[in-house]
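Worksheet for the structure shown next.
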Amino acid sequence: MNEFLANPPVLISVVFLLGLIVGSFLNVVIYRLPIMMQNQWRAECCEFLQQTDDNAPAEAFNLVTPNSTCPHCQHRIKPWENIPVISYLFLRGKCANCKAPISIRYPLVETLTGLLSALLAWQYSYDWQLLALLFFTWALVSLTLIDIDHQLLPDAITLPLLWLGLLVNSQGIITDLHSAVIGAAAGYLSLWSVYWLFKLVTGKEGMGFGDFKLLAALGAWYGWQLLPLTILCSALVGAVLGTIMLRLKGKGQSTPIPFGPYLAIAGWVAMLWGNEITQWYYQVARIQ
């Protein structure tokens with residue numbers, strides 16, 4: 001098996017297919033996890049207030065149950081209707097029962113996850129580093145889309161991502177443990193400091209606590225050395241794209257925009273090419 005996966009084209013193909021399958025599961029996570037969190041918060045509030053939760057779901061609702069259904073006709077999705085990308089194309093983007101349109105976002109997430117996974121397989125060989133970075137990438141895809149939808153970065157993903165980064169680097173797979181620990185602390189405290197400084201000056205909250213935890217997780221994965229690049233790139237891209245999106249939607253500058261996606265994108269790029277980008281910048285700076 002090791003010799004089979006040591007062949008780069010085979011490895012890339014296998015990882016791409018794996019990414020498509022995982023992308024299908026990520027669609028479930030992106031949709032269901034925020035609802036699960038809302039159900040939990042409501043239940044905890046009712047318990048604290050000693051009230052009955054009349055809106056509690058009648059059956060278990062988690063990442064496994066109930067089975068996926070069409071939101072229009074409640075048709076239970078059959079296994080052959082849930083094959084990543086292929087089923088969408090075969091069904092022509094419509095429910096097999098009521099013919100209602102299926103959002104193109106589902107195959108796009110599957111394809112994106114597959115392509116990012118394949119890129120990692122092309123960049124790295126078949127070893128523990130590749131396996132670790134696949135989990136890193138899948139978590140960032142989930143966090144990006146959940147934050148876009150709900151302006152929320154769930155602790156259920158950010159905290160395990162942080163601890164996994166430290167565990168991975170306890171074996172020196174991405175960086176040394178000392179850099180990872182300092183990176184986690186520096187990542188959290190840097191945005192935490194910006195948050196409180198902004199709040200003291202303006203009286204408003206400039207970002208959520210989930211952003212602190214996400215940057216801490218990124219620092220735990222690749223160390224403190226790449227945090228400045230991540231913060232700079234995410235801030236620049238967020239400022240440009242955020243302004244463009246607000247103008248396209250006709251909204252004012254005071255409208256909150258999620259910062260997590262820009263952190264995730266900048267963090268993923270820094271993970272793969274951060275050292276090369278930093279070296280290129282120093283070379284350009286010397287020439288000038």
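In the structure tokens, the first chain shown is A, the next is B, and so on; residue numbers restart at 1 for each chain, and ligands run from 1 in the order shown.
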
Leaving out Pro154 (chain A) and any residue of its chain fewer than 3 positions from it, which residues lie within 10 Å of it when counting only C-alpha atoms, given as a list of chain:residue names?
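Answer for this query is A:Leu33, A:Pro34, A:Met37, A:Ser142, A:Leu143, A:Ile146, A:Asp147, A:Gln151, A:Ile157, A:Thr158, A:Leu159, A:Gly210, A:Lys213, A:Leu214.
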
Store the residues picked out above in a file with N, CA, C and O atoms, as a short mmCIF file (atom, residue, chain, number, x, y, z; two decimals), in the first residue's frame.
data_model
loop_
_atom_site.label_atom_id
_atom_site.label_comp_id
_atom_site.auth_asym_id
_atom_site.auth_seq_id
_atom_site.Cartn_x
_atom_site.Cartn_y
_atom_site.Cartn_z
N LEU A 33 -23.97 22.23 12.32
CA LEU A 33 -23.30 22.62 13.57
C LEU A 33 -23.85 23.92 14.15
O LEU A 33 -24.11 23.98 15.37
N PRO A 34 -24.08 24.98 13.38
CA PRO A 34 -24.68 26.18 13.98
C PRO A 34 -26.07 25.92 14.55
O PRO A 34 -26.41 26.48 15.61
N MET A 37 -25.66 24.23 17.85
CA MET A 37 -25.23 25.18 18.87
C MET A 37 -26.41 26.01 19.36
O MET A 37 -26.55 26.26 20.56
N SER A 142 -14.45 24.43 6.77
CA SER A 142 -15.67 24.49 7.59
C SER A 142 -15.81 25.83 8.30
O SER A 142 -16.88 26.45 8.26
N LEU A 143 -14.74 26.30 8.93
CA LEU A 143 -14.79 27.55 9.66
C LEU A 143 -15.08 28.73 8.73
O LEU A 143 -15.85 29.64 9.09
N ILE A 146 -18.89 28.61 7.70
CA ILE A 146 -19.77 28.88 8.85
C ILE A 146 -19.70 30.35 9.22
O ILE A 146 -20.72 30.98 9.54
N ASP A 147 -18.50 30.93 9.19
CA ASP A 147 -18.37 32.34 9.54
C ASP A 147 -19.05 33.23 8.50
O ASP A 147 -19.64 34.26 8.84
N GLN A 151 -21.42 34.49 10.86
CA GLN A 151 -20.46 35.31 11.61
C GLN A 151 -20.15 34.65 12.95
O GLN A 151 -20.22 35.26 14.02
N ILE A 157 -14.73 23.57 16.70
CA ILE A 157 -13.73 23.36 15.66
C ILE A 157 -12.43 24.06 16.00
O ILE A 157 -11.35 23.49 15.88
N THR A 158 -12.51 25.33 16.45
CA THR A 158 -11.28 26.09 16.69
C THR A 158 -10.43 25.52 17.81
O THR A 158 -9.20 25.43 17.68
N LEU A 159 -11.06 25.10 18.91
CA LEU A 159 -10.27 24.59 20.04
C LEU A 159 -9.62 23.24 19.74
O LEU A 159 -8.43 23.06 20.01
N GLY A 210 -13.93 34.39 18.60
CA GLY A 210 -13.56 33.26 17.74
C GLY A 210 -12.36 33.57 16.87
O GLY A 210 -11.58 32.67 16.55
N LYS A 213 -9.22 32.85 18.80
CA LYS A 213 -8.96 31.40 18.91
C LYS A 213 -8.47 30.82 17.58
O LYS A 213 -7.61 29.94 17.56
N LEU A 214 -9.01 31.34 16.47
CA LEU A 214 -8.56 30.85 15.17
C LEU A 214 -7.10 31.22 14.92
O LEU A 214 -6.31 30.38 14.47
#

Shell of 8 Å around Ile173 (chain A), only C-alpha atoms, local chain residues under 4 positions omitted, as a PyMOL selection string:
chain A and resi 128-129+168-169

Report the residues of region 170-239 of chain A whose backbone DSSP state falls under helix (DSSP H, G or I), written as an MDAnalysis selection string.
chainID A and resid 177:202 209:222 224:239

For Pro66 (chain A), find every residue with an atom within 12 Å (counting only C-alpha atoms), except residues of its own chain fewer than 3 positions away, and show them as a PyMOL selection string.
chain A and resi 28+32+57-63+69+74+76-77

Write the selection just made, keeping N, CA and C atoms, as a short mmCIF file (atom, residue, chain, number, x, y, z; two decimals), in the first residue's frame?
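Result saved to again-v5.cif:
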data_model
loop_
_atom_site.label_atom_id
_atom_site.label_comp_id
_atom_site.auth_asym_id
_atom_site.auth_seq_id
_atom_site.Cartn_x
_atom_site.Cartn_y
_atom_site.Cartn_z
N VAL A 28 -22.47 18.97 5.56
CA VAL A 28 -23.33 18.64 6.70
C VAL A 28 -22.89 19.44 7.93
N ARG A 32 -25.32 21.98 9.81
CA ARG A 32 -25.92 21.50 11.05
C ARG A 32 -25.27 22.02 12.32
N PRO A 57 -36.07 20.16 19.46
CA PRO A 57 -36.35 19.22 18.37
C PRO A 57 -36.94 17.92 18.89
N ALA A 58 -37.90 17.37 18.13
CA ALA A 58 -38.58 16.16 18.56
C ALA A 58 -37.67 14.94 18.52
N GLU A 59 -36.69 14.94 17.63
CA GLU A 59 -35.76 13.82 17.51
C GLU A 59 -34.33 14.33 17.56
N ALA A 60 -33.42 13.42 17.72
CA ALA A 60 -32.01 13.80 17.81
C ALA A 60 -31.58 14.53 16.55
N PHE A 61 -30.83 15.61 16.76
CA PHE A 61 -30.32 16.39 15.63
C PHE A 61 -28.83 16.61 15.85
N ASN A 62 -28.02 15.92 15.08
CA ASN A 62 -26.57 16.05 15.18
C ASN A 62 -25.96 15.84 13.80
N LEU A 63 -24.68 15.57 13.76
CA LEU A 63 -24.00 15.42 12.48
C LEU A 63 -24.30 14.07 11.81
N THR A 69 -32.35 15.33 4.03
CA THR A 69 -33.61 15.37 3.30
C THR A 69 -33.66 16.61 2.42
N GLN A 74 -39.01 17.19 1.85
CA GLN A 74 -38.58 16.26 2.92
C GLN A 74 -38.26 14.87 2.39
N ARG A 76 -36.14 11.84 1.63
CA ARG A 76 -34.88 11.35 2.20
C ARG A 76 -33.89 11.06 1.08
N ILE A 77 -32.71 11.65 1.22
CA ILE A 77 -31.69 11.50 0.18
C ILE A 77 -31.15 10.08 0.20
#

Please provide as a ChimeraX atom specification all residues within 12 Å of Ser87 (chain A), with the sequence filter that same-chain residues fewer than 3 positions apart are discarded (counting only C-alpha atoms).
/A:24,77-84,90-96,102,104,106-107,110

Nearest to Phe212 (chain A), restricted to only C-alpha atoms and choosing among A:Trp224, A:Trp41, A:Tyr124, A:Trp192, comes out as A:Trp192

Near region 203-207 of chain A, counting only C-alpha atoms, which residues have an atom at most 10 Å away, once you skip same-chain residues fewer than 6 positions from it, shown as a count of residues only?
12

To one decimal place, how far is CA of Leu263 (chain A) from CA of Ala217 (chain A) in Å?
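One can read the CA of Leu263 (chain A) to CA of Ala217 (chain A) distance as 10.8 Å.
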
Restricting to only C-alpha atoms, whichever of A:Asn27, A:Thr230, A:Ser103, A:Thr243 is closest to Trp273 (chain A) is A:Thr230

12 Å contact set for Leu162 (chain A), only C-alpha atoms, chain neighbours under 3 positions out, as a PDB file with N, CA, C and O atoms, in the first residue's frame:
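Generated file (selection.pdb):
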ATOM      1  N   PHE A 135      -6.278  17.494   7.655  1.00  0.00           N
ATOM      2  CA  PHE A 135      -7.209  17.855   8.723  1.00  0.00           C
ATOM      3  C   PHE A 135      -7.218  19.368   8.947  1.00  0.00           C
ATOM      4  O   PHE A 135      -8.282  19.960   9.181  1.00  0.00           O
ATOM      5  N   PHE A 136      -6.065  19.982   8.878  1.00  0.00           N
ATOM      6  CA  PHE A 136      -5.943  21.435   9.014  1.00  0.00           C
ATOM      7  C   PHE A 136      -6.776  22.141   7.947  1.00  0.00           C
ATOM      8  O   PHE A 136      -7.539  23.069   8.241  1.00  0.00           O
ATOM      9  N   ALA A 139     -10.672  21.652   8.368  1.00  0.00           N
ATOM     10  CA  ALA A 139     -11.207  22.476   9.451  1.00  0.00           C
ATOM     11  C   ALA A 139     -11.362  23.927   8.996  1.00  0.00           C
ATOM     12  O   ALA A 139     -12.367  24.583   9.299  1.00  0.00           O
ATOM     13  N   LEU A 140     -10.380  24.434   8.243  1.00  0.00           N
ATOM     14  CA  LEU A 140     -10.452  25.815   7.777  1.00  0.00           C
ATOM     15  C   LEU A 140     -11.582  26.024   6.778  1.00  0.00           C
ATOM     16  O   LEU A 140     -12.222  27.085   6.766  1.00  0.00           O
ATOM     17  N   ASP A 155     -16.339  27.014  18.774  1.00  0.00           N
ATOM     18  CA  ASP A 155     -15.297  26.421  19.617  1.00  0.00           C
ATOM     19  C   ASP A 155     -15.130  24.937  19.325  1.00  0.00           C
ATOM     20  O   ASP A 155     -14.043  24.384  19.529  1.00  0.00           O
ATOM     21  N   ALA A 156     -16.202  24.292  18.862  1.00  0.00           N
ATOM     22  CA  ALA A 156     -16.144  22.863  18.576  1.00  0.00           C
ATOM     23  C   ALA A 156     -15.144  22.542  17.469  1.00  0.00           C
ATOM     24  O   ALA A 156     -14.738  21.380  17.319  1.00  0.00           O
ATOM     25  N   ILE A 157     -14.733  23.569  16.703  1.00  0.00           N
ATOM     26  CA  ILE A 157     -13.729  23.356  15.658  1.00  0.00           C
ATOM     27  C   ILE A 157     -12.427  24.064  16.005  1.00  0.00           C
ATOM     28  O   ILE A 157     -11.346  23.487  15.876  1.00  0.00           O
ATOM     29  N   THR A 158     -12.508  25.333  16.454  1.00  0.00           N
ATOM     30  CA  THR A 158     -11.282  26.094  16.686  1.00  0.00           C
ATOM     31  C   THR A 158     -10.430  25.517  17.811  1.00  0.00           C
ATOM     32  O   THR A 158      -9.199  25.426  17.682  1.00  0.00           O
ATOM     33  N   LEU A 159     -11.061  25.101  18.908  1.00  0.00           N
ATOM     34  CA  LEU A 159     -10.274  24.590  20.044  1.00  0.00           C
ATOM     35  C   LEU A 159      -9.621  23.239  19.738  1.00  0.00           C
ATOM     36  O   LEU A 159      -8.431  23.061  20.013  1.00  0.00           O
ATOM     37  N   GLY A 165      -2.923  21.097  16.651  1.00  0.00           N
ATOM     38  CA  GLY A 165      -1.686  21.711  16.180  1.00  0.00           C
ATOM     39  C   GLY A 165      -0.548  21.526  17.168  1.00  0.00           C
ATOM     40  O   GLY A 165       0.587  21.229  16.785  1.00  0.00           O
ATOM     41  N   LEU A 166      -0.849  21.696  18.454  1.00  0.00           N
ATOM     42  CA  LEU A 166       0.188  21.504  19.469  1.00  0.00           C
ATOM     43  C   LEU A 166       0.631  20.043  19.543  1.00  0.00           C
ATOM     44  O   LEU A 166       1.824  19.747  19.696  1.00  0.00           O
ATOM     45  N   LEU A 167      -0.330  19.122  19.441  1.00  0.00           N
ATOM     46  CA  LEU A 167       0.022  17.698  19.481  1.00  0.00           C
ATOM     47  C   LEU A 167       0.862  17.305  18.266  1.00  0.00           C
ATOM     48  O   LEU A 167       1.843  16.554  18.391  1.00  0.00           O
ATOM     49  N   VAL A 168       0.476  17.809  17.101  1.00  0.00           N
ATOM     50  CA  VAL A 168       1.243  17.519  15.881  1.00  0.00           C
ATOM     51  C   VAL A 168       2.674  18.018  16.023  1.00  0.00           C
ATOM     52  O   VAL A 168       3.644  17.316  15.679  1.00  0.00           O
ATOM     53  N   ASN A 169       2.832  19.220  16.560  1.00  0.00           N
ATOM     54  CA  ASN A 169       4.170  19.799  16.662  1.00  0.00           C
ATOM     55  C   ASN A 169       4.931  19.325  17.888  1.00  0.00           C
ATOM     56  O   ASN A 169       6.114  19.636  18.039  1.00  0.00           O
ATOM     57  N   ALA A 180       5.480  26.518  18.351  1.00  0.00           N
ATOM     58  CA  ALA A 180       4.037  26.305  18.312  1.00  0.00           C
ATOM     59  C   ALA A 180       3.353  26.892  19.546  1.00  0.00           C
ATOM     60  O   ALA A 180       2.302  27.533  19.434  1.00  0.00           O
ATOM     61  N   VAL A 181       3.936  26.670  20.717  1.00  0.00           N
ATOM     62  CA  VAL A 181       3.339  27.190  21.950  1.00  0.00           C
ATOM     63  C   VAL A 181       3.364  28.718  21.951  1.00  0.00           C
ATOM     64  O   VAL A 181       2.353  29.373  22.270  1.00  0.00           O
ATOM     65  N   GLY A 183       3.507  30.551  19.338  1.00  0.00           N
ATOM     66  CA  GLY A 183       2.601  30.963  18.271  1.00  0.00           C
ATOM     67  C   GLY A 183       1.151  30.972  18.721  1.00  0.00           C
ATOM     68  O   GLY A 183       0.385  31.877  18.370  1.00  0.00           O
ATOM     69  N   ALA A 184       0.754  29.972  19.495  1.00  0.00           N
ATOM     70  CA  ALA A 184      -0.618  29.919  19.997  1.00  0.00           C
ATOM     71  C   ALA A 184      -0.901  31.097  20.928  1.00  0.00           C
ATOM     72  O   ALA A 184      -1.938  31.758  20.817  1.00  0.00           O
ATOM     73  N   ALA A 185       0.022  31.352  21.842  1.00  0.00           N
ATOM     74  CA  ALA A 185      -0.167  32.461  22.784  1.00  0.00           C
ATOM     75  C   ALA A 185      -0.129  33.807  22.071  1.00  0.00           C
ATOM     76  O   ALA A 185      -0.976  34.680  22.316  1.00  0.00           O
ATOM     77  N   GLY A 187      -0.714  34.425  18.902  1.00  0.00           N
ATOM     78  CA  GLY A 187      -1.868  34.567  18.028  1.00  0.00           C
ATOM     79  C   GLY A 187      -3.097  35.046  18.770  1.00  0.00           C
ATOM     80  O   GLY A 187      -3.810  35.949  18.318  1.00  0.00           O
ATOM     81  N   TYR A 188      -3.337  34.459  19.927  1.00  0.00           N
ATOM     82  CA  TYR A 188      -4.503  34.867  20.718  1.00  0.00           C
ATOM     83  C   TYR A 188      -4.333  36.281  21.263  1.00  0.00           C
ATOM     84  O   TYR A 188      -5.229  37.122  21.121  1.00  0.00           O
ATOM     85  N   GLY A 210     -13.929  34.390  18.599  1.00  0.00           N
ATOM     86  CA  GLY A 210     -13.562  33.265  17.745  1.00  0.00           C
ATOM     87  C   GLY A 210     -12.364  33.572  16.873  1.00  0.00           C
ATOM     88  O   GLY A 210     -11.576  32.673  16.545  1.00  0.00           O
ATOM     89  N   PHE A 212      -9.793  35.369  17.790  1.00  0.00           N
ATOM     90  CA  PHE A 212      -8.601  35.162  18.618  1.00  0.00           C
ATOM     91  C   PHE A 212      -8.198  33.684  18.613  1.00  0.00           C
ATOM     92  O   PHE A 212      -7.026  33.333  18.472  1.00  0.00           O
ATOM     93  N   LYS A 213      -9.222  32.846  18.797  1.00  0.00           N
ATOM     94  CA  LYS A 213      -8.956  31.403  18.909  1.00  0.00           C
ATOM     95  C   LYS A 213      -8.470  30.823  17.580  1.00  0.00           C
ATOM     96  O   LYS A 213      -7.614  29.937  17.562  1.00  0.00           O
ATOM     97  N   LEU A 214      -9.005  31.341  16.470  1.00  0.00           N
ATOM     98  CA  LEU A 214      -8.558  30.849  15.167  1.00  0.00           C
ATOM     99  C   LEU A 214      -7.102  31.222  14.919  1.00  0.00           C
ATOM    100  O   LEU A 214      -6.309  30.380  14.469  1.00  0.00           O
ATOM    101  N   LEU A 215      -6.729  32.465  15.217  1.00  0.00           N
ATOM    102  CA  LEU A 215      -5.332  32.854  15.014  1.00  0.00           C
ATOM    103  C   LEU A 215      -4.414  32.110  15.982  1.00  0.00           C
ATOM    104  O   LEU A 215      -3.278  31.771  15.620  1.00  0.00           O
ATOM    105  N   ALA A 216      -4.891  31.817  17.183  1.00  0.00           N
ATOM    106  CA  ALA A 216      -4.111  31.002  18.114  1.00  0.00           C
ATOM    107  C   ALA A 216      -3.885  29.610  17.530  1.00  0.00           C
ATOM    108  O   ALA A 216      -2.783  29.048  17.637  1.00  0.00           O
ATOM    109  N   ALA A 217      -4.932  29.047  16.923  1.00  0.00           N
ATOM    110  CA  ALA A 217      -4.806  27.728  16.303  1.00  0.00           C
ATOM    111  C   ALA A 217      -3.810  27.760  15.149  1.00  0.00           C
ATOM    112  O   ALA A 217      -2.988  26.846  14.998  1.00  0.00           O
ATOM    113  N   LEU A 218      -3.856  28.819  14.343  1.00  0.00           N
ATOM    114  CA  LEU A 218      -2.904  28.937  13.227  1.00  0.00           C
ATOM    115  C   LEU A 218      -1.480  29.015  13.761  1.00  0.00           C
ATOM    116  O   LEU A 218      -0.570  28.364  13.227  1.00  0.00           O
ATOM    117  N   GLY A 219      -1.275  29.803  14.818  1.00  0.00           N
ATOM    118  CA  GLY A 219       0.055  29.893  15.412  1.00  0.00           C
ATOM    119  C   GLY A 219       0.523  28.575  15.980  1.00  0.00           C
ATOM    120  O   GLY A 219       1.718  28.253  15.931  1.00  0.00           O
ATOM    121  N   ALA A 220      -0.404  27.784  16.531  1.00  0.00           N
ATOM    122  CA  ALA A 220      -0.040  26.473  17.073  1.00  0.00           C
ATOM    123  C   ALA A 220       0.387  25.523  15.965  1.00  0.00           C
ATOM    124  O   ALA A 220       1.174  24.602  16.207  1.00  0.00           O
ATOM    125  N   TRP A 221      -0.113  25.735  14.748  1.00  0.00           N
ATOM    126  CA  TRP A 221       0.234  24.842  13.639  1.00  0.00           C
ATOM    127  C   TRP A 221       1.577  25.184  13.006  1.00  0.00           C
ATOM    128  O   TRP A 221       2.365  24.282  12.740  1.00  0.00           O
ATOM    129  N   TYR A 222       1.829  26.469  12.748  1.00  0.00           N
ATOM    130  CA  TYR A 222       3.075  26.774  12.040  1.00  0.00           C
ATOM    131  C   TYR A 222       4.021  27.702  12.797  1.00  0.00           C
ATOM    132  O   TYR A 222       5.010  28.163  12.240  1.00  0.00           O
ATOM    133  N   GLY A 223       3.729  27.980  14.059  1.00  0.00           N
ATOM    134  CA  GLY A 223       4.674  28.746  14.870  1.00  0.00           C
ATOM    135  C   GLY A 223       4.461  30.247  14.760  1.00  0.00           C
ATOM    136  O   GLY A 223       3.755  30.742  13.885  1.00  0.00           O
TER     137      GLY A 223
END

Which distance in Å separates CA of Val15 (chain A) and CA of Val141 (chain A), to one decimal?
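CA of Val15 (chain A) sits 16.0 Å away from CA of Val141 (chain A).
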